[in-house]
Amino acid sequence: MDFIPQHPMRQLLADEIHARPVPDIAGSASIIHLAMTNDRNSTRAARKHFRGFLEQLGASNFSESDSCDYRHFGEIELRWETHQEFCSYMLILPQDNDRFFPELVLPDWWAELIRTAPGHLINGIRLELRCGPTPENPLSELPSHFGEDWVYGSHIVERLASVWSSLRQDDMGLTRYLVFSHALSSFQAGRTCQRLIESDTYRMVALLGFPLAREVWPLINTADSELGELTSRITEGGETHGDQKALAHLGALSTRIERLRARTGFRFSASRAYAELSRRRLSDLRESRWEGTSSLAKLTDRRFLPAMQTCNAADRHLRELSERISQTTSLLRTRVELNQEMQNQKLLDEISQRAKLQLRLQSVVEGFSVIAITYYLVGMLSIALGDTAYLPEWLIVPGFKASGIVALALVVYWYVRKRKKRLLDNELEG
């Protein structure tokens with residue numbers, strides 16, 4: 001197939017299905033999992049840090065573009081993975097101790113790796129996998145191992161195993177899980193542990209949106225009240241002189257809401273995605289009820305779902321506020337434009353009335369102009385002709401002067417009208 005042009009990302013996309021393989025856990029084991037939050041800069045720093053750690057141990061076959069790495073140091077397995085918002089470090093230690101939570105002897109390099117890791121710890125898990133039956137009375141025998149008075153558990157994987165936890169952090173800040181494998185294969189055991197760890201970690205990262213939701217709720221309520229009062233004032237108040245001020249108020253309110261959306265949009269969207277992943281990982285365990293206690297899915301749903309619903313409600317309310325502000329602004333702007341058009345029409349009417357009045361005044365002035373011009377022309381002719389004694393007798397007839405004045409006035413009137421018409425025609429053509 002070399003003769004067919006290959007998409008540059010084909011191999012990368014094909015390898016994605018095999019990314020982050022399930023650990024193969026045969027027998028009992030102790031698992032420590034830590035998740036460190038990061039951003040774009042700290043993700044690069046986490047890769048650089050892990051590469052430096054491997055080089056110190058003599059392992060150099062690691063690229064800073066890798067998103068995961070799995071190493072065995074003797075019987076101990078180290079699993080390092082980068083995710084969108086956190087970087088995870090998992091240590092799997094084979095365990096032959098029958099105690100449920102024995103004292104662990106961790107390698108020195110693990111402490112150095114975690115101590116120098118960039119980012120902040122968002123979640124820590126200690127999971128103990130034990131091959132064997134579940135104790136006969138787990139609700140009375142197991143709480144002491146969690147340091148609590150009560151534990152929650154259920155049958156999982158078609159009753160091939162059971163899982164128990166108090167979902168509380170111990171003295172080391174780790175959430176404890178205890179899994180009893182009755183007949184799980186090494187692949188099933190690794191997959192079950194991975195699902196539990198991922199569900200717990202994704203739940204914690206999803207809950208990052210909950211404090212933000214509680215923080216912005218008062219701001220949302222304040223903005224909602226302002227918008228309600230402003231809308232009532234616009235719709236119920238008939239006056240229009242305050243429309244410009246209301247429009248400016250709406251613009252400021254819209255700016256505040258859009259800033260909140262920009263601040264919370266990514267976090268709320270990420271929380272929804274992580275919450276869905278967390279619930280899906282729990283559902284993949286196929287829990288069935290253990291008589292006398294609550295399953296992990298029911299327990300987390302009781303508190304986890306309301307928190308996520310709070311985030312979703314805050315995000316939804318912000319979107320609705322933005323839409324309502326946009327609609328109110330559009331309506332108010334339409335009213336302002338209509339008012340401006342009415343004012344412009346009124347102004348045009350006034351201008352038209354003034355133009356008509358000016359035309360009438362021009363007509364009056366035009367008559368006076370004809371009279372004045374005729375008067376001056378008659379005077380000039382009288383001066384030019386002098387005494388009528390020098391005129392021929394046939395020109396000296398009764399009414400001659402009056403007729404001449406009328407004729408002269410008609411000529412002046414015709415000339416003024418002609419000039420006026422020419423000016424108006426030039427104005428229309430221009």
# chains A, B, ... in the order shown; residues from 1 in each chain; ligands from 1
$ residues_around --residues "Pro138 in chain A" --least-positions-apart "6" --cutoff "12 Å" --atoms "only C-alpha atoms" --output "PyMOL selection string"
chain A and resi 144-146+150-154+162-165+178-180+290-293
$ write_last_selection --atoms "C-alpha atoms" --output "PDB file, in the first residue's frame"
ATOM      1  CA  SER A 144     -11.879  -0.546  61.091  1.00  0.00           C
ATOM      2  CA  HIS A 145      -9.524  -0.883  58.115  1.00  0.00           C
ATOM      3  CA  PHE A 146     -10.860   2.357  56.688  1.00  0.00           C
ATOM      4  CA  TRP A 150     -19.298   2.515  57.978  1.00  0.00           C
ATOM      5  CA  VAL A 151     -18.269   1.273  54.557  1.00  0.00           C
ATOM      6  CA  TYR A 152     -20.043   1.041  51.237  1.00  0.00           C
ATOM      7  CA  GLY A 153     -19.722  -1.818  48.812  1.00  0.00           C
ATOM      8  CA  SER A 154     -21.283  -4.019  46.182  1.00  0.00           C
ATOM      9  CA  SER A 162     -16.617  -7.115  45.318  1.00  0.00           C
ATOM     10  CA  VAL A 163     -15.464  -3.577  46.088  1.00  0.00           C
ATOM     11  CA  TRP A 164     -15.508  -1.643  49.366  1.00  0.00           C
ATOM     12  CA  SER A 165     -14.691   1.914  50.340  1.00  0.00           C
ATOM     13  CA  LEU A 178     -10.537  -2.668  48.835  1.00  0.00           C
ATOM     14  CA  VAL A 179     -11.298  -5.125  46.026  1.00  0.00           C
ATOM     15  CA  PHE A 180     -11.798  -8.849  46.541  1.00  0.00           C
ATOM     16  CA  TRP A 290     -24.903  -5.883  48.671  1.00  0.00           C
ATOM     17  CA  GLU A 291     -27.581  -6.326  51.273  1.00  0.00           C
ATOM     18  CA  GLY A 292     -27.377  -3.782  54.072  1.00  0.00           C
ATOM     19  CA  THR A 293     -25.318  -1.057  52.390  1.00  0.00           C
TER      20      THR A 293
END
$ closest_atom_pairs --of "range 23-127 of chain A" --to "range 265-286 of chain A" --cutoff "12 Å" --atoms "only C-alpha atoms" --output "tab-separated table"
residue	atom	partner	partner_atom	distance
A:His83	CA	A:Tyr274	CA	11.4
A:Gln84	CA	A:Ala270	CA	9.6
A:Glu85	CA	A:Ala270	CA	9.2
A:Phe86	CA	A:Tyr274	CA	11.8
$ closest_residue --among "A:Asp69, A:Leu139, A:Glu128, A:Lys356" --to "Thr192 in chain A" --atoms "only C-alpha atoms"
A:Glu128
$ select_by_dssp --residues "range 95-206 of chain A" --states "alpha helix (DSSP H)" --output "MDAnalysis selection string"
chainID A and resid 108:115 138:141 143:146 186:206
$ residues_around --residues "range 158-160 of chain A" --least-positions-apart "5" --cutoff "7 Å" --atoms "only C-alpha atoms" --output "ChimeraX atom specification"
/A:181-184,286
$ write_last_selection --atoms "C-alpha atoms" --output "compact mmCIF listing (two decimals), in the first residue's frame"
# COMPACT_ATOMS: atom_id res chain seq x y z
CA SER A 181 -11.24 -10.91 43.42
CA HIS A 182 -13.10 -14.22 43.46
CA ALA A 183 -12.44 -15.39 39.92
CA LEU A 184 -11.07 -12.46 37.94
CA ARG A 286 -21.83 -3.67 36.65
$ residues_around --residues "Arg316 in chain A" --least-positions-apart "6" --cutoff "12 Å" --atoms "only C-alpha atoms" --output "list in words"
Ala213, Trp217, Ile220, Arg261, Thr264, Gly265, Phe268, Ser269, Gln309, Thr310, Ser322 and Glu323 of chain A
$ write_last_selection --atoms "C-alpha atoms" --output "compact mmCIF listing (two decimals), in the first residue's frame"
# COMPACT_ATOMS: atom_id res chain seq x y z
CA ALA A 213 -20.76 27.51 40.31
CA TRP A 217 -24.58 32.08 41.51
CA ILE A 220 -26.12 35.47 38.25
CA ARG A 261 -19.50 33.00 30.47
CA THR A 264 -16.90 29.65 33.46
CA GLY A 265 -17.60 28.16 30.03
CA PHE A 268 -18.45 23.84 33.23
CA SER A 269 -18.02 22.09 29.89
CA GLN A 309 -26.66 19.81 38.31
CA THR A 310 -25.65 23.00 40.09
CA SER A 322 -27.34 36.23 27.55
CA GLU A 323 -30.22 35.38 25.20
$ residues_around --residues "range 29-44 of chain A" --least-positions-apart "2" --cutoff "7 Å" --atoms "only C-alpha atoms" --output "PDB file with all heavy atoms, in the first residue's frame"
ATOM      1  N   GLY A  27      -2.744 -11.832  40.801  1.00  0.00           N
ATOM      2  CA  GLY A  27      -2.591 -11.980  42.241  1.00  0.00           C
ATOM      3  C   GLY A  27      -2.901 -10.698  42.984  1.00  0.00           C
ATOM      4  O   GLY A  27      -3.372  -9.698  42.429  1.00  0.00           O
ATOM      5  N   ALA A  46       5.721  18.681  33.063  1.00  0.00           N
ATOM      6  CA  ALA A  46       5.579  17.316  33.570  1.00  0.00           C
ATOM      7  C   ALA A  46       6.319  16.327  32.682  1.00  0.00           C
ATOM      8  O   ALA A  46       6.981  15.394  33.175  1.00  0.00           O
ATOM      9  CB  ALA A  46       4.098  16.944  33.648  1.00  0.00           C
ATOM     10  N   ARG A  47       6.243  16.506  31.353  1.00  0.00           N
ATOM     11  CA  ARG A  47       6.981  15.625  30.440  1.00  0.00           C
ATOM     12  C   ARG A  47       8.490  15.782  30.643  1.00  0.00           C
ATOM     13  O   ARG A  47       9.230  14.791  30.685  1.00  0.00           O
ATOM     14  CB  ARG A  47       6.607  15.941  28.995  1.00  0.00           C
ATOM     15  CG  ARG A  47       5.189  15.522  28.603  1.00  0.00           C
ATOM     16  CD  ARG A  47       5.023  15.617  27.091  1.00  0.00           C
ATOM     17  NE  ARG A  47       3.730  15.104  26.669  1.00  0.00           N
ATOM     18  CZ  ARG A  47       2.683  15.847  26.398  1.00  0.00           C
ATOM     19  NH1 ARG A  47       2.766  17.176  26.535  1.00  0.00           N
ATOM     20  NH2 ARG A  47       1.547  15.303  26.009  1.00  0.00           N
ATOM     21  N   LYS A  48       8.915  17.032  30.746  1.00  0.00           N
ATOM     22  CA  LYS A  48      10.342  17.279  30.956  1.00  0.00           C
ATOM     23  C   LYS A  48      10.807  16.686  32.282  1.00  0.00           C
ATOM     24  O   LYS A  48      11.897  16.098  32.377  1.00  0.00           O
ATOM     25  CB  LYS A  48      10.607  18.784  30.911  1.00  0.00           C
ATOM     26  CG  LYS A  48      12.064  19.167  31.028  1.00  0.00           C
ATOM     27  CD  LYS A  48      12.237  20.668  30.892  1.00  0.00           C
ATOM     28  CE  LYS A  48      13.710  21.058  30.997  1.00  0.00           C
ATOM     29  NZ  LYS A  48      13.890  22.532  30.878  1.00  0.00           N
ATOM     30  N   GLU A  85      -6.227  17.753  31.774  1.00  0.00           N
ATOM     31  CA  GLU A  85      -6.082  18.692  32.887  1.00  0.00           C
ATOM     32  C   GLU A  85      -5.266  18.141  34.043  1.00  0.00           C
ATOM     33  O   GLU A  85      -5.098  18.833  35.042  1.00  0.00           O
ATOM     34  CB  GLU A  85      -7.464  19.096  33.409  1.00  0.00           C
ATOM     35  CG  GLU A  85      -8.274  19.925  32.446  1.00  0.00           C
ATOM     36  CD  GLU A  85      -9.488  20.529  33.124  1.00  0.00           C
ATOM     37  OE1 GLU A  85      -9.314  21.397  33.992  1.00  0.00           O
ATOM     38  OE2 GLU A  85     -10.616  20.109  32.798  1.00  0.00           O
ATOM     39  N   PHE A  86      -4.790  16.934  33.934  1.00  0.00           N
ATOM     40  CA  PHE A  86      -3.994  16.394  35.028  1.00  0.00           C
ATOM     41  C   PHE A  86      -3.009  15.364  34.496  1.00  0.00           C
ATOM     42  O   PHE A  86      -3.136  14.853  33.373  1.00  0.00           O
ATOM     43  CB  PHE A  86      -4.887  15.777  36.116  1.00  0.00           C
ATOM     44  CG  PHE A  86      -5.699  14.599  35.651  1.00  0.00           C
ATOM     45  CD1 PHE A  86      -5.224  13.299  35.772  1.00  0.00           C
ATOM     46  CD2 PHE A  86      -6.956  14.790  35.100  1.00  0.00           C
ATOM     47  CE1 PHE A  86      -5.971  12.216  35.346  1.00  0.00           C
ATOM     48  CE2 PHE A  86      -7.719  13.714  34.679  1.00  0.00           C
ATOM     49  CZ  PHE A  86      -7.230  12.416  34.792  1.00  0.00           C
ATOM     50  N   CYS A  87      -2.045  15.081  35.322  1.00  0.00           N
ATOM     51  CA  CYS A  87      -1.026  14.076  35.026  1.00  0.00           C
ATOM     52  C   CYS A  87      -1.082  13.036  36.143  1.00  0.00           C
ATOM     53  O   CYS A  87      -1.134  13.390  37.325  1.00  0.00           O
ATOM     54  CB  CYS A  87       0.343  14.740  34.960  1.00  0.00           C
ATOM     55  SG  CYS A  87       1.704  13.615  34.563  1.00  0.00           S
ATOM     56  N   SER A  88      -1.096  11.761  35.782  1.00  0.00           N
ATOM     57  CA  SER A  88      -1.276  10.702  36.783  1.00  0.00           C
ATOM     58  C   SER A  88      -0.009   9.875  36.942  1.00  0.00           C
ATOM     59  O   SER A  88       0.720   9.620  35.969  1.00  0.00           O
ATOM     60  CB  SER A  88      -2.447   9.791  36.398  1.00  0.00           C
ATOM     61  OG  SER A  88      -2.171   9.089  35.205  1.00  0.00           O
ATOM     62  N   TYR A  89       0.225   9.460  38.171  1.00  0.00           N
ATOM     63  CA  TYR A  89       1.350   8.593  38.531  1.00  0.00           C
ATOM     64  C   TYR A  89       0.773   7.389  39.282  1.00  0.00           C
ATOM     65  O   TYR A  89       0.129   7.566  40.324  1.00  0.00           O
ATOM     66  CB  TYR A  89       2.355   9.322  39.421  1.00  0.00           C
ATOM     67  CG  TYR A  89       2.921  10.588  38.810  1.00  0.00           C
ATOM     68  CD1 TYR A  89       2.214  11.797  38.865  1.00  0.00           C
ATOM     69  CD2 TYR A  89       4.162  10.585  38.189  1.00  0.00           C
ATOM     70  CE1 TYR A  89       2.728  12.948  38.300  1.00  0.00           C
ATOM     71  CE2 TYR A  89       4.696  11.749  37.637  1.00  0.00           C
ATOM     72  CZ  TYR A  89       3.968  12.923  37.693  1.00  0.00           C
ATOM     73  OH  TYR A  89       4.492  14.070  37.151  1.00  0.00           O
ATOM     74  N   MET A  90       1.004   6.201  38.746  1.00  0.00           N
ATOM     75  CA  MET A  90       0.471   4.991  39.374  1.00  0.00           C
ATOM     76  C   MET A  90       1.605   4.023  39.674  1.00  0.00           C
ATOM     77  O   MET A  90       2.466   3.773  38.829  1.00  0.00           O
ATOM     78  CB  MET A  90      -0.559   4.306  38.455  1.00  0.00           C
ATOM     79  CG  MET A  90      -1.172   3.054  39.073  1.00  0.00           C
ATOM     80  SD  MET A  90      -2.213   2.126  37.918  1.00  0.00           S
ATOM     81  CE  MET A  90      -3.543   3.284  37.680  1.00  0.00           C
ATOM     82  N   LEU A  91       1.580   3.505  40.870  1.00  0.00           N
ATOM     83  CA  LEU A  91       2.569   2.533  41.322  1.00  0.00           C
ATOM     84  C   LEU A  91       1.840   1.244  41.688  1.00  0.00           C
ATOM     85  O   LEU A  91       0.911   1.261  42.502  1.00  0.00           O
ATOM     86  CB  LEU A  91       3.324   3.080  42.542  1.00  0.00           C
ATOM     87  CG  LEU A  91       4.626   2.380  42.927  1.00  0.00           C
ATOM     88  CD1 LEU A  91       5.672   2.553  41.833  1.00  0.00           C
ATOM     89  CD2 LEU A  91       5.145   2.938  44.254  1.00  0.00           C
ATOM     90  N   ILE A  92       2.222   0.130  41.050  1.00  0.00           N
ATOM     91  CA  ILE A  92       1.604  -1.174  41.307  1.00  0.00           C
ATOM     92  C   ILE A  92       2.646  -2.081  41.949  1.00  0.00           C
ATOM     93  O   ILE A  92       3.679  -2.385  41.338  1.00  0.00           O
ATOM     94  CB  ILE A  92       1.068  -1.813  40.009  1.00  0.00           C
ATOM     95  CG1 ILE A  92       0.078  -0.860  39.315  1.00  0.00           C
ATOM     96  CG2 ILE A  92       0.406  -3.148  40.291  1.00  0.00           C
ATOM     97  CD1 ILE A  92      -0.427  -1.375  37.990  1.00  0.00           C
ATOM     98  N   LEU A  93       2.357  -2.492  43.173  1.00  0.00           N
ATOM     99  CA  LEU A  93       3.287  -3.342  43.922  1.00  0.00           C
ATOM    100  C   LEU A  93       2.629  -4.695  44.180  1.00  0.00           C
ATOM    101  O   LEU A  93       1.555  -4.752  44.797  1.00  0.00           O
ATOM    102  CB  LEU A  93       3.668  -2.710  45.263  1.00  0.00           C
ATOM    103  CG  LEU A  93       4.308  -1.321  45.234  1.00  0.00           C
ATOM    104  CD1 LEU A  93       3.263  -0.241  45.352  1.00  0.00           C
ATOM    105  CD2 LEU A  93       5.323  -1.190  46.366  1.00  0.00           C
ATOM    106  N   PRO A  94       3.221  -5.786  43.721  1.00  0.00           N
ATOM    107  CA  PRO A  94       2.690  -7.112  44.067  1.00  0.00           C
ATOM    108  C   PRO A  94       2.657  -7.273  45.580  1.00  0.00           C
ATOM    109  O   PRO A  94       3.552  -6.799  46.306  1.00  0.00           O
ATOM    110  CB  PRO A  94       3.671  -8.073  43.409  1.00  0.00           C
ATOM    111  CG  PRO A  94       4.337  -7.270  42.333  1.00  0.00           C
ATOM    112  CD  PRO A  94       4.392  -5.864  42.850  1.00  0.00           C
ATOM    113  N   GLN A  95       1.639  -7.937  46.089  1.00  0.00           N
ATOM    114  CA  GLN A  95       1.437  -8.033  47.539  1.00  0.00           C
ATOM    115  C   GLN A  95       1.152  -9.485  47.932  1.00  0.00           C
ATOM    116  O   GLN A  95       0.253 -10.111  47.388  1.00  0.00           O
ATOM    117  CB  GLN A  95       0.263  -7.140  47.942  1.00  0.00           C
ATOM    118  CG  GLN A  95       0.116  -6.932  49.418  1.00  0.00           C
ATOM    119  CD  GLN A  95       1.312  -6.229  50.023  1.00  0.00           C
ATOM    120  OE1 GLN A  95       2.098  -6.871  50.742  1.00  0.00           O
ATOM    121  NE2 GLN A  95       1.488  -4.951  49.725  1.00  0.00           N
ATOM    122  N   PRO A 118       5.696  18.532  38.991  1.00  0.00           N
ATOM    123  CA  PRO A 118       5.016  19.830  38.890  1.00  0.00           C
ATOM    124  C   PRO A 118       3.507  19.680  39.062  1.00  0.00           C
ATOM    125  O   PRO A 118       2.949  18.592  38.900  1.00  0.00           O
ATOM    126  CB  PRO A 118       5.359  20.293  37.463  1.00  0.00           C
ATOM    127  CG  PRO A 118       5.587  19.034  36.702  1.00  0.00           C
ATOM    128  CD  PRO A 118       6.182  18.052  37.677  1.00  0.00           C
ATOM    129  N   GLY A 119       2.850  20.763  39.397  1.00  0.00           N
ATOM    130  CA  GLY A 119       1.406  20.736  39.559  1.00  0.00           C
ATOM    131  C   GLY A 119       0.988  20.582  41.008  1.00  0.00           C
ATOM    132  O   GLY A 119       1.822  20.607  41.932  1.00  0.00           O
ATOM    133  N   HIS A 120      -0.312  20.410  41.222  1.00  0.00           N
ATOM    134  CA  HIS A 120      -0.879  20.265  42.555  1.00  0.00           C
ATOM    135  C   HIS A 120      -1.709  18.988  42.617  1.00  0.00           C
ATOM    136  O   HIS A 120      -2.413  18.648  41.664  1.00  0.00           O
ATOM    137  CB  HIS A 120      -1.754  21.468  42.914  1.00  0.00           C
ATOM    138  CG  HIS A 120      -1.014  22.768  42.927  1.00  0.00           C
ATOM    139  ND1 HIS A 120      -0.819  23.520  41.784  1.00  0.00           N
ATOM    140  CD2 HIS A 120      -0.418  23.451  43.938  1.00  0.00           C
ATOM    141  CE1 HIS A 120      -0.138  24.609  42.093  1.00  0.00           C
ATOM    142  NE2 HIS A 120       0.118  24.591  43.386  1.00  0.00           N
ATOM    143  N   LEU A 121      -1.629  18.315  43.742  1.00  0.00           N
ATOM    144  CA  LEU A 121      -2.348  17.059  43.913  1.00  0.00           C
ATOM    145  C   LEU A 121      -3.849  17.335  43.969  1.00  0.00           C
ATOM    146  O   LEU A 121      -4.324  18.074  44.817  1.00  0.00           O
ATOM    147  CB  LEU A 121      -1.889  16.361  45.194  1.00  0.00           C
ATOM    148  CG  LEU A 121      -2.541  15.004  45.484  1.00  0.00           C
ATOM    149  CD1 LEU A 121      -2.143  13.989  44.429  1.00  0.00           C
ATOM    150  CD2 LEU A 121      -2.156  14.508  46.882  1.00  0.00           C
ATOM    151  N   ILE A 122      -4.601  16.706  43.058  1.00  0.00           N
ATOM    152  CA  ILE A 122      -6.058  16.846  43.036  1.00  0.00           C
ATOM    153  C   ILE A 122      -6.736  15.588  43.567  1.00  0.00           C
ATOM    154  O   ILE A 122      -7.820  15.637  44.112  1.00  0.00           O
ATOM    155  CB  ILE A 122      -6.562  17.164  41.607  1.00  0.00           C
ATOM    156  CG1 ILE A 122      -8.074  17.372  41.593  1.00  0.00           C
ATOM    157  CG2 ILE A 122      -6.170  16.067  40.626  1.00  0.00           C
ATOM    158  CD1 ILE A 122      -8.544  18.528  42.406  1.00  0.00           C
ATOM    159  N   ASN A 123      -6.048  14.434  43.441  1.00  0.00           N
ATOM    160  CA  ASN A 123      -6.659  13.195  43.923  1.00  0.00           C
ATOM    161  C   ASN A 123      -5.576  12.168  44.213  1.00  0.00           C
ATOM    162  O   ASN A 123      -4.580  12.072  43.502  1.00  0.00           O
ATOM    163  CB  ASN A 123      -7.630  12.629  42.882  1.00  0.00           C
ATOM    164  CG  ASN A 123      -8.531  11.561  43.463  1.00  0.00           C
ATOM    165  OD1 ASN A 123      -8.929  11.660  44.622  1.00  0.00           O
ATOM    166  ND2 ASN A 123      -8.854  10.543  42.685  1.00  0.00           N
ATOM    167  N   GLY A 124      -5.802  11.420  45.277  1.00  0.00           N
ATOM    168  CA  GLY A 124      -4.893  10.337  45.648  1.00  0.00           C
ATOM    169  C   GLY A 124      -5.689   9.108  46.053  1.00  0.00           C
ATOM    170  O   GLY A 124      -6.680   9.221  46.786  1.00  0.00           O
ATOM    171  N   ILE A 125      -5.299   7.946  45.566  1.00  0.00           N
ATOM    172  CA  ILE A 125      -6.036   6.705  45.806  1.00  0.00           C
ATOM    173  C   ILE A 125      -5.071   5.617  46.246  1.00  0.00           C
ATOM    174  O   ILE A 125      -3.965   5.480  45.695  1.00  0.00           O
ATOM    175  CB  ILE A 125      -6.781   6.256  44.520  1.00  0.00           C
ATOM    176  CG1 ILE A 125      -7.815   7.300  44.109  1.00  0.00           C
ATOM    177  CG2 ILE A 125      -7.442   4.900  44.715  1.00  0.00           C
ATOM    178  CD1 ILE A 125      -8.448   7.023  42.765  1.00  0.00           C
ATOM    179  N   ARG A 126      -5.519   4.859  47.218  1.00  0.00           N
ATOM    180  CA  ARG A 126      -4.824   3.631  47.571  1.00  0.00           C
ATOM    181  C   ARG A 126      -5.811   2.483  47.398  1.00  0.00           C
ATOM    182  O   ARG A 126      -6.828   2.414  48.086  1.00  0.00           O
ATOM    183  CB  ARG A 126      -4.297   3.656  49.007  1.00  0.00           C
ATOM    184  CG  ARG A 126      -3.607   2.332  49.393  1.00  0.00           C
ATOM    185  CD  ARG A 126      -3.053   2.341  50.784  1.00  0.00           C
ATOM    186  NE  ARG A 126      -2.439   1.047  51.098  1.00  0.00           N
ATOM    187  CZ  ARG A 126      -1.844   0.741  52.249  1.00  0.00           C
ATOM    188  NH1 ARG A 126      -1.790   1.657  53.231  1.00  0.00           N
ATOM    189  NH2 ARG A 126      -1.311  -0.452  52.437  1.00  0.00           N
ATOM    190  N   LEU A 127      -5.502   1.599  46.462  1.00  0.00           N
ATOM    191  CA  LEU A 127      -6.386   0.476  46.158  1.00  0.00           C
ATOM    192  C   LEU A 127      -5.670  -0.820  46.487  1.00  0.00           C
ATOM    193  O   LEU A 127      -4.543  -1.055  46.019  1.00  0.00           O
ATOM    194  CB  LEU A 127      -6.802   0.506  44.690  1.00  0.00           C
ATOM    195  CG  LEU A 127      -7.882  -0.479  44.244  1.00  0.00           C
ATOM    196  CD1 LEU A 127      -8.679   0.112  43.087  1.00  0.00           C
ATOM    197  CD2 LEU A 127      -7.303  -1.823  43.828  1.00  0.00           C
ATOM    198  N   GLU A 128      -6.315  -1.643  47.289  1.00  0.00           N
ATOM    199  CA  GLU A 128      -5.768  -2.955  47.650  1.00  0.00           C
ATOM    200  C   GLU A 128      -6.603  -4.031  46.964  1.00  0.00           C
ATOM    201  O   GLU A 128      -7.815  -4.104  47.140  1.00  0.00           O
ATOM    202  CB  GLU A 128      -5.790  -3.143  49.168  1.00  0.00           C
ATOM    203  CG  GLU A 128      -4.906  -2.179  49.943  1.00  0.00           C
ATOM    204  CD  GLU A 128      -3.422  -2.446  49.747  1.00  0.00           C
ATOM    205  OE1 GLU A 128      -3.080  -3.596  49.366  1.00  0.00           O
ATOM    206  OE2 GLU A 128      -2.614  -1.525  49.967  1.00  0.00           O
ATOM    207  N   LEU A 129      -5.926  -4.853  46.164  1.00  0.00           N
ATOM    208  CA  LEU A 129      -6.567  -5.977  45.480  1.00  0.00           C
ATOM    209  C   LEU A 129      -6.181  -7.266  46.190  1.00  0.00           C
ATOM    210  O   LEU A 129      -4.979  -7.554  46.356  1.00  0.00           O
ATOM    211  CB  LEU A 129      -6.127  -6.025  44.016  1.00  0.00           C
ATOM    212  CG  LEU A 129      -6.606  -7.219  43.196  1.00  0.00           C
ATOM    213  CD1 LEU A 129      -8.127  -7.211  43.058  1.00  0.00           C
ATOM    214  CD2 LEU A 129      -5.932  -7.240  41.818  1.00  0.00           C
ATOM    215  N   ARG A 130      -7.187  -8.026  46.612  1.00  0.00           N
ATOM    216  CA  ARG A 130      -6.930  -9.276  47.311  1.00  0.00           C
ATOM    217  C   ARG A 130      -7.658 -10.410  46.591  1.00  0.00           C
ATOM    218  O   ARG A 130      -8.839 -10.301  46.281  1.00  0.00           O
ATOM    219  CB  ARG A 130      -7.412  -9.202  48.767  1.00  0.00           C
ATOM    220  CG  ARG A 130      -6.654  -8.209  49.615  1.00  0.00           C
ATOM    221  CD  ARG A 130      -5.199  -8.656  49.806  1.00  0.00           C
ATOM    222  NE  ARG A 130      -4.434  -7.685  50.571  1.00  0.00           N
ATOM    223  CZ  ARG A 130      -3.705  -6.725  50.041  1.00  0.00           C
ATOM    224  NH1 ARG A 130      -3.690  -6.581  48.719  1.00  0.00           N
ATOM    225  NH2 ARG A 130      -3.008  -5.903  50.795  1.00  0.00           N
TER     226      ARG A 130
END
$ select_by_dssp --residues "range 36-70 of chain A" --states "strand (DSSP E)" --output "MDAnalysis selection string"
chainID A and resid 36:37 68:70
$ write_last_selection --atoms "N, CA, C and O atoms" --output "PDB file, in the first residue's frame"
ATOM      1  N   MET A  36      -2.065  14.867  39.453  1.00  0.00           N
ATOM      2  CA  MET A  36      -1.583  16.228  39.651  1.00  0.00           C
ATOM      3  C   MET A  36      -2.184  17.123  38.573  1.00  0.00           C
ATOM      4  O   MET A  36      -2.099  16.824  37.378  1.00  0.00           O
ATOM      5  N   THR A  37      -2.835  18.201  38.993  1.00  0.00           N
ATOM      6  CA  THR A  37      -3.421  19.117  38.020  1.00  0.00           C
ATOM      7  C   THR A  37      -2.321  19.832  37.244  1.00  0.00           C
ATOM      8  O   THR A  37      -1.210  20.046  37.750  1.00  0.00           O
ATOM      9  N   CYS A  68       2.054   8.964  27.489  1.00  0.00           N
ATOM     10  CA  CYS A  68       2.017   7.939  28.528  1.00  0.00           C
ATOM     11  C   CYS A  68       3.297   7.118  28.465  1.00  0.00           C
ATOM     12  O   CYS A  68       3.975   7.059  27.428  1.00  0.00           O
ATOM     13  N   ASP A  69       3.601   6.486  29.572  1.00  0.00           N
ATOM     14  CA  ASP A  69       4.798   5.652  29.642  1.00  0.00           C
ATOM     15  C   ASP A  69       4.603   4.633  30.758  1.00  0.00           C
ATOM     16  O   ASP A  69       4.074   4.959  31.830  1.00  0.00           O
ATOM     17  N   TYR A  70       5.035   3.406  30.472  1.00  0.00           N
ATOM     18  CA  TYR A  70       4.864   2.313  31.442  1.00  0.00           C
ATOM     19  C   TYR A  70       6.207   1.602  31.612  1.00  0.00           C
ATOM     20  O   TYR A  70       6.811   1.164  30.630  1.00  0.00           O
TER      21      TYR A  70
END
$ closest_residue --among "A:Arg168, A:Val22, A:Thr134, A:Met380" --to "Asp149 in chain A" --atoms "only C-alpha atoms"
A:Arg168
$ residues_around --residues "Thr328 in chain A" --least-positions-apart "4" --cutoff "8 Å" --atoms "only C-alpha atoms" --output "list of chain:residue names"
A:Thr231, A:Arg324, A:Leu332
$ atom_distance --atom1 "CA of Arg99 in chain A" --atom2 "CA of Leu299 in chain A"
26.3 Å
$ residues_around --residues "Phe210 in chain A" --least-positions-apart "5" --cutoff "7 Å" --atoms "only C-alpha atoms" --output "PyMOL selection string"
chain A and resi 307-308+311
$ atom_distance --atom1 "CA of Ala223 in chain A" --atom2 "CA of Arg256 in chain A"
8.4 Å
$ atom_distance --atom1 "CA of Arg79 in chain A" --atom2 "CA of Ala117 in chain A"
14.2 Å
$ closest_residue --among "A:Leu104, A:Glu226, A:Phe187, A:Thr116" --to "Ala45 in chain A" --atoms "only C-alpha atoms"
A:Thr116
$ closest_residue --among "A:Glu148, A:Trp80, A:Gly228, A:Ile325" --to "Ile114 in chain A" --atoms "only C-alpha atoms"
A:Trp80
